[in-house]
Amino acid sequence: MQYHTMIGGSSPPDTSKTTKLERYNSYIRRVNSTKLLQASSKLLFRVTLLVALILIFFFTINYPPLSSDHHNIHSTQNFISSAFYGSGAAWEKQVRHSSTPRRPNGFSILVTGAAGFVGSHCSLALKKRGDGVLGLDNFNSYYDPSLKRARQQLLSKHQIFIVEGDINDAQLLNKLFDIVPFSHILHLAAQAGVRYAMQNPLSYVNSNVAGFVNLLEVAKSADPQPAIVPFSETDRTDQPASLYAATKKAGEEIAHTYNHIYGLSLTGLRFFTVYGPWGRPDMAYFFFTKDILHGKGINVYVTQDEKEVARDFTFVDDIVKGCVGALDTAEKSTGKGGKKRAPAQLRVYNLGNTAPVTVGKLVGILENLLSVKAKKHVIKMPRNGDVPFTHANVSQAYRDFGYKPTTDLATGLRKFVKWYVGYYGIESRVKGVIDSTTNEHSHD
């Protein structure tokens with residue numbers, strides 16, 4: 001009976017459907033949980049990536065690398081200057097305003113190294129006569145950048161804008177040429193200092209060869225092509241006495257190639273020991289003045305056979321006249337679309353003072369101007385490095401654009417010392433210099 005009741009009574013409930021439903025709901029929850037986790041991971045990754053990029057940009061801007069000579073560092077700086085510095089309507093307006101000539105048929109000139117010694121003087125002279133001038137300078141620390149910044153302020157007062165960038169930055173150069181149809185380039189940017197080249201050869205190749213080639217590459221494709229006037233520090237020889245001279249000779253050969261293949265009008269200028277107000281602190285006349293005033297000894301070099309070293313010291317105003325003359329007589333480039341259409345002008349000139357003066361005489365003039373006796377240490381010049389004598393033959397420059405230096409060393413040094421004691425605020429320590437030059441014309 002018990003068996004019968006069991007068979008005939010109600011059967012237990014079927015739980016298979018409920019189990020399946022619970023399994024399905026559990027599966028759905030796992031799927032949704034996985035999707036949420038994946039979505040959260042993607043979001044977290046994107047946020048992390050964005051924060052990382054912001055941090056990289058922040059530290060690149062605010063904490064620049066310690067050395068600027070490494071290739072990767074130049075790449076980072078070039079990226080920053082192209083992508084961020086040279087952007088914005090206000091920046092482009094400054095570039096255009098500075099480049100616009102104010103005289104009829106005036107030039108629009110890109111001056112590289114505009115915050116440098118010769119570059120700042122040339123920029124002022126060109127702007128004052130009504131040309132449009134845009135500067136380009138990387139403000140490197142080869143010597144005290146504060147002097148370059150002071151020159152920048154001087155140029156800014158005369159409505160000359162200096163773009164802070166490197167001539168190796170092709171993107172920046174192309175951007176400038178897109179904004180301004182430059183008629184001329186005065187290429188004065190270069191790594192300077194003969195003895196420094198022996199310690200840092202790569203900086204010379206980077207500035208004096210690679211940078212020049214980059215500038216020519218951009219210029220050859222510009223429409224219109226500008227006429228280019230680059231400088232060379234020393235007289236060219238078949239056996240350059242320094243790496244610096246070798247890089248400048250290489251620059252002249254490169255110029256010849258771009259002239260021949262692409263129709264760029266090129267006028268090379270060889271400068272001979274330029275001096276004057278706003279000069280370079282690494283030059284002998286400059287640090288001689290500083291050391292004499294501070295009672296420090298100065299090294300006066302002689303040759304191995306004990307002959308006095310002589311230089312063709314050239315006052316900066318005379319160099320400026322030569323640069324302007326070269327620009328005024330430069331013919332237009334003949335290429336278009338990167339192709340030469342006709343033979344183009346190619347010239348090289350010496351710009352010197354034509355009267356070499358011994359370093360001993362230079363020191364004597366400074367002693368008289370400063371009313372202080374120098375403590376001289378006579379040292380033999382090393383066999384490698386610099387040359388014992390420089391002398392410029394300027395007859396071609398005189399013939400073609402009337403170049404004629406007019407400032408003797410004593411007059412030029414008096415103007416330099418007047419600037420020096422004023423700039424460094426030590427007028428009271430130097431008697432006679434200020435009064436004797438008050439009525440003289442100053443290039444400043």
# chains A, B, ... in the order shown; residues from 1 in each chain; ligands from 1
$ select_by_dssp --residues "stretch 203-370 of chain A" --states "strand (DSSP E or B)" --output "NGL selection string"
:A and (227-232 or 266-271 or 274-275 or 297-302 or 308 or 310-311 or 314-315 or 335-336 or 339-340 or 346-351 or 357-358)
$ select_by_dssp --residues "stretch 295-429 of chain A" --states "helix (DSSP H, G or I)" --output "ChimeraX atom specification"
/A:316-328,359-370,395-401,409-423,427-429
$ closest_residue --among "A:Asn353, A:Thr334, A:Gln153, A:Asn200" --to "A:Ser395" --atoms "only C-alpha atoms"
A:Asn353
$ residues_around --residues "A:Asp305" --least-positions-apart "2" --cutoff "10 Å" --atoms "only C-alpha atoms" --output "PyMOL selection string"
chain A and resi 302-303+307-308+380-381
$ write_last_selection --atoms "N, CA and C atoms" --output "PDB file, in the first residue's frame"
ATOM      1  N   VAL A 302     103.134  83.826 -28.085  1.00  0.00           N
ATOM      2  CA  VAL A 302     104.133  84.057 -29.121  1.00  0.00           C
ATOM      3  C   VAL A 302     104.279  82.750 -29.898  1.00  0.00           C
ATOM      4  N   THR A 303     104.901  82.838 -31.074  1.00  0.00           N
ATOM      5  CA  THR A 303     105.094  81.634 -31.884  1.00  0.00           C
ATOM      6  C   THR A 303     106.196  80.758 -31.279  1.00  0.00           C
ATOM      7  N   LYS A 307     108.214  84.760 -31.995  1.00  0.00           N
ATOM      8  CA  LYS A 307     107.763  85.963 -32.696  1.00  0.00           C
ATOM      9  C   LYS A 307     106.371  86.332 -32.184  1.00  0.00           C
ATOM     10  N   GLU A 308     106.082  87.630 -32.196  1.00  0.00           N
ATOM     11  CA  GLU A 308     104.794  88.090 -31.688  1.00  0.00           C
ATOM     12  C   GLU A 308     103.650  87.665 -32.610  1.00  0.00           C
ATOM     13  N   LYS A 380     104.274  80.290 -25.269  1.00  0.00           N
ATOM     14  CA  LYS A 380     104.412  79.847 -26.663  1.00  0.00           C
ATOM     15  C   LYS A 380     103.100  79.203 -27.127  1.00  0.00           C
ATOM     16  N   MET A 381     102.702  79.562 -28.331  1.00  0.00           N
ATOM     17  CA  MET A 381     101.472  79.039 -28.907  1.00  0.00           C
ATOM     18  C   MET A 381     101.629  77.554 -29.249  1.00  0.00           C
TER      19      MET A 381
END
$ residues_around --residues "A:Gly116" --least-positions-apart "3" --cutoff "9 Å" --atoms "only C-alpha atoms" --output "list in words"
Thr112, Gly113, Gly119, Ser120, His121, Asp137, Phe139, Leu147, Lys148, Arg151, Gln152, Leu188, Ala189, Trp278, Gly279 and Arg280 of chain A
$ write_last_selection --atoms "C-alpha atoms" --output "PDB file, in the first residue's frame"
ATOM      1  CA  THR A 112      70.633  83.600 -38.224  1.00  0.00           C
ATOM      2  CA  GLY A 113      72.674  84.135 -35.062  1.00  0.00           C
ATOM      3  CA  GLY A 119      74.344  89.371 -35.967  1.00  0.00           C
ATOM      4  CA  SER A 120      72.905  91.941 -33.563  1.00  0.00           C
ATOM      5  CA  HIS A 121      74.908  94.819 -35.113  1.00  0.00           C
ATOM      6  CA  ASP A 137      69.037  82.183 -32.508  1.00  0.00           C
ATOM      7  CA  PHE A 139      70.851  81.172 -27.311  1.00  0.00           C
ATOM      8  CA  LEU A 147      74.799  88.921 -22.926  1.00  0.00           C
ATOM      9  CA  LYS A 148      72.790  87.424 -25.795  1.00  0.00           C
ATOM     10  CA  ARG A 151      71.330  92.063 -27.199  1.00  0.00           C
ATOM     11  CA  GLN A 152      67.868  90.556 -27.766  1.00  0.00           C
ATOM     12  CA  LEU A 188      75.858  84.321 -39.130  1.00  0.00           C
ATOM     13  CA  ALA A 189      74.972  81.405 -36.831  1.00  0.00           C
ATOM     14  CA  TRP A 278      78.596  94.013 -27.434  1.00  0.00           C
ATOM     15  CA  GLY A 279      81.483  91.704 -28.370  1.00  0.00           C
ATOM     16  CA  ARG A 280      82.154  88.071 -27.516  1.00  0.00           C
TER      17      ARG A 280
END
$ residues_around --residues "stretch 98-111 of chain A" --least-positions-apart "6" --cutoff "8 Å" --atoms "only C-alpha atoms" --output "VMD selection string"
chain A and resid 119 123 129 to 136 159 to 161 180 to 188
$ closest_residue --among "A:Val394, A:Ala115, A:Leu413, A:Ala342" --to "A:Ile261" --atoms "only C-alpha atoms"
A:Ala342
$ closest_atom_pairs --of "stretch 258-364 of chain A" --to "stretch 201-224 of chain A" --cutoff "10 Å" --atoms "only C-alpha atoms" --output "CSV"
residue,atom,partner,partner_atom,distance
A:Tyr258,CA,A:Leu216,CA,7.3
A:Asn259,CA,A:Lys220,CA,9.3
A:Ile261,CA,A:Lys220,CA,9.7
A:Tyr262,CA,A:Lys220,CA,6.3
A:Gly263,CA,A:Lys220,CA,7.9
A:Leu264,CA,A:Lys220,CA,6.6
A:Lys332,CA,A:Pro224,CA,9.1
A:Ser333,CA,A:Pro224,CA,8.2
A:Thr334,CA,A:Pro224,CA,9.1
A:Gly335,CA,A:Lys220,CA,7.3
A:Lys336,CA,A:Asp223,CA,6.6
A:Gly337,CA,A:Ser221,CA,5.7
A:Gly338,CA,A:Ser221,CA,4.8
A:Lys339,CA,A:Lys220,CA,8.0
A:Lys340,CA,A:Lys220,CA,9.2
$ write_last_selection --atoms "C-alpha atoms" --output "CSV table (one decimal), in the first residue's frame"
chain,number,residue,atom,x,y,z
A,258,TYR,CA,74.1,74.2,-53.9
A,259,ASN,CA,74.9,77.1,-56.2
A,261,ILE,CA,73.0,72.3,-58.7
A,262,TYR,CA,70.0,74.3,-57.3
A,263,GLY,CA,70.8,77.9,-58.5
A,264,LEU,CA,71.1,79.5,-55.1
A,332,LYS,CA,68.6,86.8,-57.2
A,333,SER,CA,68.7,83.1,-57.0
A,334,THR,CA,67.8,81.3,-60.3
A,335,GLY,CA,66.2,78.1,-59.1
A,336,LYS,CA,62.5,77.2,-58.8
A,337,GLY,CA,60.9,74.1,-57.4
A,338,GLY,CA,64.3,72.8,-56.3
A,339,LYS,CA,65.7,73.0,-59.9
A,340,LYS,CA,68.3,75.4,-61.3
$ closest_residue --among "A:Val274, A:Ala392, A:Leu346, A:Val357" --to "A:Phe416" --atoms "only C-alpha atoms"
A:Val274
$ closest_residue --among "A:Ala374, A:Ala114, A:Leu154, A:Leu266" --to "A:Val229" --atoms "only C-alpha atoms"
A:Leu266
$ closest_residue --among "A:Glu92, A:Glu306, A:Asp328, A:Glu253" --to "A:Leu126" --atoms "only C-alpha atoms"
A:Asp328
$ atom_distance --atom1 "atom CA of A:Pro405" --atom2 "atom CA of A:Thr314"
7.8 Å
$ atom_distance --atom1 "atom CA of A:Val300" --atom2 "atom CA of A:Val378"
4.8 Å
$ atom_distance --atom1 "atom CA of A:Glu252" --atom2 "atom CA of A:Ala227"
15.1 Å
